[in-house]
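Note sheet for the following structure.
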Amino acid sequence: MNKYWYKNAVIYSLDVETFKDSNGDGTGDFKGLKNALPYLSSLGVTCLWLLPIFDTPNRDNGYDVKDYYKIDPRLGDLGHLAQLIDAAEEVGIRIIIDLAVNHTSIEHPWFQKSREDKNSKYRDYYIWVDEKPEDP
């Protein structure tokens, strides 16, 4: 395997939820993306960069991650993601994901614990202010 594969890669960034809907519910999903892989490959795409795919209340377009161990259920589940990765490999496409570790949802356990106690070990994961800004 070439460790510098990315130097000649054709990387296509996409938001799964807006790309291709497989079941007609109005939201793109892993199954829809999987079905589009031959087309993307025919365009010369060699790598897909997926915008956030983790469980989210979706107040910040998926960047407000609620749980890094779960997939946004609108997109599918871990099994669907695994199928997508396998199918992508078959057509010569790599998958990378946007891992937004500097954002969490207010529903994320770290945020909840940081909010409960000013001495919480999670408190420094966030920036806190005592006074509301003039122009919030």
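Residue numbers start at 1 in each chain; chains themselves are named A, B, ... in the order of the structure tokens; ligands are numbered from 1 in the order shown.
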**Study point:** Within 10 Å of region 23-29 of chain A using only C-alpha atoms, minus same-chain residues under 2 positions, as a list in words
**Key:**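 In the requested form, the answer reads Asp15, Val16, Glu17, Thr18, Phe19, Lys20, Asp21, Lys31, Gly32, Leu33, Lys34, Ile53, Asp72, Pro73, Arg74, Leu75, Gly76, Asp77, His80 and Leu81 of chain A.
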The selected residues should be written to file as a JSON list (two decimals), in the first residue's frame (atoms: N, CA and C atoms).
```json
[["chain", "number", "residue", "atom", "x", "y", "z"],
["A", 15, "ASP", "N", -21.82, 15.62, 2.00],
["A", 15, "ASP", "CA", -22.67, 15.49, 3.16],
["A", 15, "ASP", "C", -23.65, 14.37, 2.84],
["A", 16, "VAL", "N", -23.51, 13.25, 3.52],
["A", 16, "VAL", "CA", -24.33, 12.08, 3.20],
["A", 16, "VAL", "C", -25.82, 12.42, 3.21],
["A", 17, "GLU", "N", -26.25, 13.21, 4.19],
["A", 17, "GLU", "CA", -27.69, 13.48, 4.32],
["A", 17, "GLU", "C", -28.27, 14.28, 3.14],
["A", 18, "THR", "N", -27.42, 14.94, 2.37],
["A", 18, "THR", "CA", -27.93, 15.71, 1.23],
["A", 18, "THR", "C", -27.54, 15.10, -0.12],
["A", 19, "PHE", "N", -26.87, 13.94, -0.09],
["A", 19, "PHE", "CA", -26.36, 13.40, -1.35],
["A", 19, "PHE", "C", -27.35, 12.51, -2.09],
["A", 20, "LYS", "N", -27.72, 11.37, -1.53],
["A", 20, "LYS", "CA", -28.58, 10.43, -2.28],
["A", 20, "LYS", "C", -29.45, 9.66, -1.30],
["A", 21, "ASP", "N", -30.74, 9.80, -1.48],
["A", 21, "ASP", "CA", -31.74, 9.19, -0.62],
["A", 21, "ASP", "C", -32.17, 7.85, -1.23],
["A", 31, "LYS", "N", -26.98, 3.80, 2.20],
["A", 31, "LYS", "CA", -27.41, 2.93, 1.09],
["A", 31, "LYS", "C", -27.44, 3.70, -0.22],
["A", 32, "GLY", "N", -27.95, 4.92, -0.19],
["A", 32, "GLY", "CA", -27.98, 5.73, -1.41],
["A", 32, "GLY", "C", -26.58, 6.04, -1.90],
["A", 33, "LEU", "N", -25.69, 6.37, -0.99],
["A", 33, "LEU", "CA", -24.30, 6.66, -1.37],
["A", 33, "LEU", "C", -23.64, 5.41, -1.92],
["A", 34, "LYS", "N", -23.89, 4.28, -1.29],
["A", 34, "LYS", "CA", -23.32, 3.01, -1.77],
["A", 34, "LYS", "C", -23.75, 2.75, -3.22],
["A", 53, "ILE", "N", -20.88, 12.22, 10.49],
["A", 53, "ILE", "CA", -21.87, 11.14, 10.36],
["A", 53, "ILE", "C", -22.31, 10.62, 11.72],
["A", 72, "ASP", "N", -25.48, 8.75, 13.05],
["A", 72, "ASP", "CA", -26.75, 9.47, 12.92],
["A", 72, "ASP", "C", -27.75, 8.48, 12.31],
["A", 73, "PRO", "N", -28.81, 8.14, 13.04],
["A", 73, "PRO", "CA", -29.74, 7.11, 12.55],
["A", 73, "PRO", "C", -30.43, 7.46, 11.24],
["A", 74, "ARG", "N", -30.47, 8.75, 10.87],
["A", 74, "ARG", "CA", -31.07, 9.11, 9.58],
["A", 74, "ARG", "C", -30.23, 8.58, 8.42],
["A", 75, "LEU", "N", -28.94, 8.36, 8.66],
["A", 75, "LEU", "CA", -28.03, 7.92, 7.61],
["A", 75, "LEU", "C", -27.94, 6.41, 7.49],
["A", 76, "GLY", "N", -28.27, 5.71, 8.57],
["A", 76, "GLY", "CA", -28.13, 4.26, 8.63],
["A", 76, "GLY", "C", -27.54, 3.87, 9.96],
["A", 77, "ASP", "N", -26.83, 2.76, 9.97],
["A", 77, "ASP", "CA", -26.20, 2.31, 11.21],
["A", 77, "ASP", "C", -24.77, 1.87, 10.90],
["A", 80, "HIS", "N", -24.48, -0.45, 7.95],
["A", 80, "HIS", "CA", -24.57, 0.23, 6.65],
["A", 80, "HIS", "C", -23.26, 0.95, 6.31],
["A", 81, "LEU", "N", -22.63, 1.55, 7.33],
["A", 81, "LEU", "CA", -21.34, 2.21, 7.10],
["A", 81, "LEU", "C", -20.30, 1.18, 6.67]]
```
Give the strand (DSSP E) residues of chain A, as DSSP finds them on the backbone, and put them as a PDB file with C-alpha atoms, in the first residue's frame.
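states_39.pdb, freshly written:
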```pdb
ATOM      1  CA  ILE A  11     -11.033  13.676  -3.042  1.00  0.00           C
ATOM      2  CA  TYR A  12     -14.735  14.439  -3.163  1.00  0.00           C
ATOM      3  CA  SER A  13     -16.280  15.878  -0.021  1.00  0.00           C
ATOM      4  CA  LEU A  14     -19.963  15.272   0.554  1.00  0.00           C
ATOM      5  CA  CYS A  47     -11.530   9.152  -2.020  1.00  0.00           C
ATOM      6  CA  LEU A  48     -14.757  10.285  -0.351  1.00  0.00           C
ATOM      7  CA  TRP A  49     -14.490  12.756   2.514  1.00  0.00           C
ATOM      8  CA  LEU A  50     -17.703  12.412   4.503  1.00  0.00           C
ATOM      9  CA  PHE A  54     -22.155  10.740  14.130  1.00  0.00           C
ATOM     10  CA  ASP A  55     -25.283  10.866  16.291  1.00  0.00           C
ATOM     11  CA  ASP A  67     -22.213  10.388  20.683  1.00  0.00           C
ATOM     12  CA  TYR A  68     -19.030   9.485  18.802  1.00  0.00           C
ATOM     13  CA  TYR A  69     -19.857   5.784  19.151  1.00  0.00           C
ATOM     14  CA  LYS A  70     -23.142   6.005  17.254  1.00  0.00           C
ATOM     15  CA  ILE A  71     -24.062   6.887  13.684  1.00  0.00           C
ATOM     16  CA  ARG A  94     -11.206   5.228   0.056  1.00  0.00           C
ATOM     17  CA  ILE A  95     -13.424   6.730   2.746  1.00  0.00           C
ATOM     18  CA  ILE A  96     -12.318   9.378   5.225  1.00  0.00           C
ATOM     19  CA  ILE A  97     -14.586  11.087   7.732  1.00  0.00           C
TER      20      ILE A  97
END
```
task: Write out as a list in words which residues come within 10 Å of region 116-130 of chain A when counting only C-alpha atoms, dropping same-chain ones fewer than 6 positions away.
output: Asn102, His103, Thr104, Pro109 and Trp110 of chain A
Writing out the chosen residues with C-alpha atoms as a PDB file, in the first residue's frame:
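Result file follows (out03.pdb):
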```pdb
ATOM      1  CA  ASN A 102     -13.558  20.181  18.837  1.00  0.00           C
ATOM      2  CA  HIS A 103     -17.377  20.302  18.774  1.00  0.00           C
ATOM      3  CA  THR A 104     -19.930  18.517  20.903  1.00  0.00           C
ATOM      4  CA  PRO A 109     -21.961  13.487  28.300  1.00  0.00           C
ATOM      5  CA  TRP A 110     -18.759  15.584  28.525  1.00  0.00           C
TER       6      TRP A 110
END
```
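The nearest approach to Asp60 (chain A) among the residues A:Ser22, A:Lys3, A:Gln112, A:Ser105, with only C-alpha atoms taken into account, belongs to A:Ser105.
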message: So that I can see what lies close to Pro57 (chain A), please list as a PyMOL selection string the residues with an atom at most 8 Å from it, counting only C-alpha atoms and leaving out residues fewer than 6 positions away in the same chain.
response: chain A and resi 64-66+105+107
| query | Using the chain letters and numbers from this document, which residues of chain A does DSSP assign to alpha helix (DSSP H), as a PyMOL selection string? | reply | chain A and resi 16-19+30-42+78-90+109-116
Would you mind exporting the chosen residues as a compact mmCIF listing (two decimals), in the first residue's frame, restricted to N, CA and C atoms?
```
# COMPACT_ATOMS: atom_id res chain seq x y z
N VAL A 16 -23.51 13.25 3.52
CA VAL A 16 -24.33 12.08 3.20
C VAL A 16 -25.82 12.42 3.21
N GLU A 17 -26.25 13.21 4.19
CA GLU A 17 -27.69 13.48 4.32
C GLU A 17 -28.27 14.28 3.14
N THR A 18 -27.42 14.94 2.37
CA THR A 18 -27.93 15.71 1.23
C THR A 18 -27.54 15.10 -0.12
N PHE A 19 -26.87 13.94 -0.09
CA PHE A 19 -26.36 13.40 -1.35
C PHE A 19 -27.35 12.51 -2.09
N PHE A 30 -26.49 6.08 3.77
CA PHE A 30 -25.38 5.24 3.33
C PHE A 30 -25.76 4.32 2.18
N LYS A 31 -26.98 3.80 2.20
CA LYS A 31 -27.41 2.93 1.09
C LYS A 31 -27.44 3.70 -0.22
N GLY A 32 -27.95 4.92 -0.19
CA GLY A 32 -27.98 5.73 -1.41
C GLY A 32 -26.58 6.04 -1.90
N LEU A 33 -25.69 6.37 -0.99
CA LEU A 33 -24.30 6.66 -1.37
C LEU A 33 -23.64 5.41 -1.92
N LYS A 34 -23.89 4.28 -1.29
CA LYS A 34 -23.32 3.01 -1.77
C LYS A 34 -23.75 2.75 -3.22
N ASN A 35 -25.02 3.01 -3.51
CA ASN A 35 -25.52 2.78 -4.87
C ASN A 35 -24.90 3.74 -5.89
N ALA A 36 -24.41 4.88 -5.42
CA ALA A 36 -23.81 5.88 -6.31
C ALA A 36 -22.30 5.69 -6.50
N LEU A 37 -21.70 4.74 -5.81
CA LEU A 37 -20.25 4.57 -5.88
C LEU A 37 -19.73 4.30 -7.30
N PRO A 38 -20.38 3.45 -8.11
CA PRO A 38 -19.87 3.25 -9.47
C PRO A 38 -19.85 4.56 -10.27
N TYR A 39 -20.88 5.38 -10.09
CA TYR A 39 -20.92 6.67 -10.78
C TYR A 39 -19.76 7.56 -10.32
N LEU A 40 -19.56 7.66 -9.01
CA LEU A 40 -18.48 8.50 -8.49
C LEU A 40 -17.12 7.99 -8.98
N SER A 41 -16.96 6.69 -9.00
CA SER A 41 -15.72 6.11 -9.50
C SER A 41 -15.51 6.46 -10.97
N SER A 42 -16.60 6.44 -11.75
CA SER A 42 -16.48 6.76 -13.19
C SER A 42 -16.06 8.21 -13.41
N LEU A 78 -24.08 1.34 11.91
CA LEU A 78 -22.69 0.92 11.70
C LEU A 78 -22.58 -0.16 10.63
N GLY A 79 -23.57 -1.03 10.55
CA GLY A 79 -23.57 -2.06 9.51
C GLY A 79 -23.63 -1.46 8.12
N HIS A 80 -24.48 -0.45 7.95
CA HIS A 80 -24.57 0.23 6.65
C HIS A 80 -23.26 0.95 6.31
N LEU A 81 -22.63 1.55 7.33
CA LEU A 81 -21.34 2.21 7.10
C LEU A 81 -20.30 1.18 6.67
N ALA A 82 -20.28 0.02 7.34
CA ALA A 82 -19.33 -1.03 6.97
C ALA A 82 -19.56 -1.50 5.54
N GLN A 83 -20.83 -1.65 5.15
CA GLN A 83 -21.15 -2.05 3.78
C GLN A 83 -20.68 -1.00 2.78
N LEU A 84 -20.85 0.26 3.14
CA LEU A 84 -20.40 1.35 2.27
C LEU A 84 -18.88 1.29 2.09
N ILE A 85 -18.16 1.10 3.17
CA ILE A 85 -16.70 1.05 3.11
C ILE A 85 -16.24 -0.13 2.25
N ASP A 86 -16.87 -1.30 2.45
CA ASP A 86 -16.51 -2.47 1.64
C ASP A 86 -16.80 -2.24 0.16
N ALA A 87 -17.96 -1.68 -0.14
CA ALA A 87 -18.33 -1.42 -1.54
C ALA A 87 -17.40 -0.38 -2.16
N ALA A 88 -17.02 0.61 -1.39
CA ALA A 88 -16.10 1.65 -1.90
C ALA A 88 -14.75 1.03 -2.24
N GLU A 89 -14.29 0.16 -1.38
CA GLU A 89 -13.00 -0.50 -1.63
C GLU A 89 -13.05 -1.31 -2.93
N GLU A 90 -14.17 -1.93 -3.20
CA GLU A 90 -14.32 -2.74 -4.42
C GLU A 90 -14.18 -1.89 -5.69
N PRO A 109 -22.27 13.69 26.88
CA PRO A 109 -21.96 13.49 28.30
C PRO A 109 -20.85 14.39 28.84
N TRP A 110 -19.83 14.70 28.04
CA TRP A 110 -18.76 15.58 28.53
C TRP A 110 -19.33 16.96 28.86
N PHE A 111 -20.17 17.47 27.97
CA PHE A 111 -20.74 18.79 28.20
C PHE A 111 -21.64 18.78 29.42
N GLN A 112 -22.45 17.75 29.54
CA GLN A 112 -23.35 17.65 30.70
C GLN A 112 -22.55 17.62 32.00
N LYS A 113 -21.47 16.84 32.05
CA LYS A 113 -20.66 16.75 33.27
C LYS A 113 -19.91 18.05 33.54
N SER A 114 -19.46 18.72 32.48
CA SER A 114 -18.73 19.99 32.66
C SER A 114 -19.65 21.08 33.20
N ARG A 115 -20.91 20.96 32.88
CA ARG A 115 -21.91 21.94 33.30
C ARG A 115 -22.35 21.74 34.75
N GLU A 116 -22.33 20.48 35.20
CA GLU A 116 -22.80 20.14 36.53
C GLU A 116 -21.90 20.69 37.64
```
Pairwise distance, CA of Asp98 (chain A) with CA of Asn8 (chain A), equals 19.8 Å
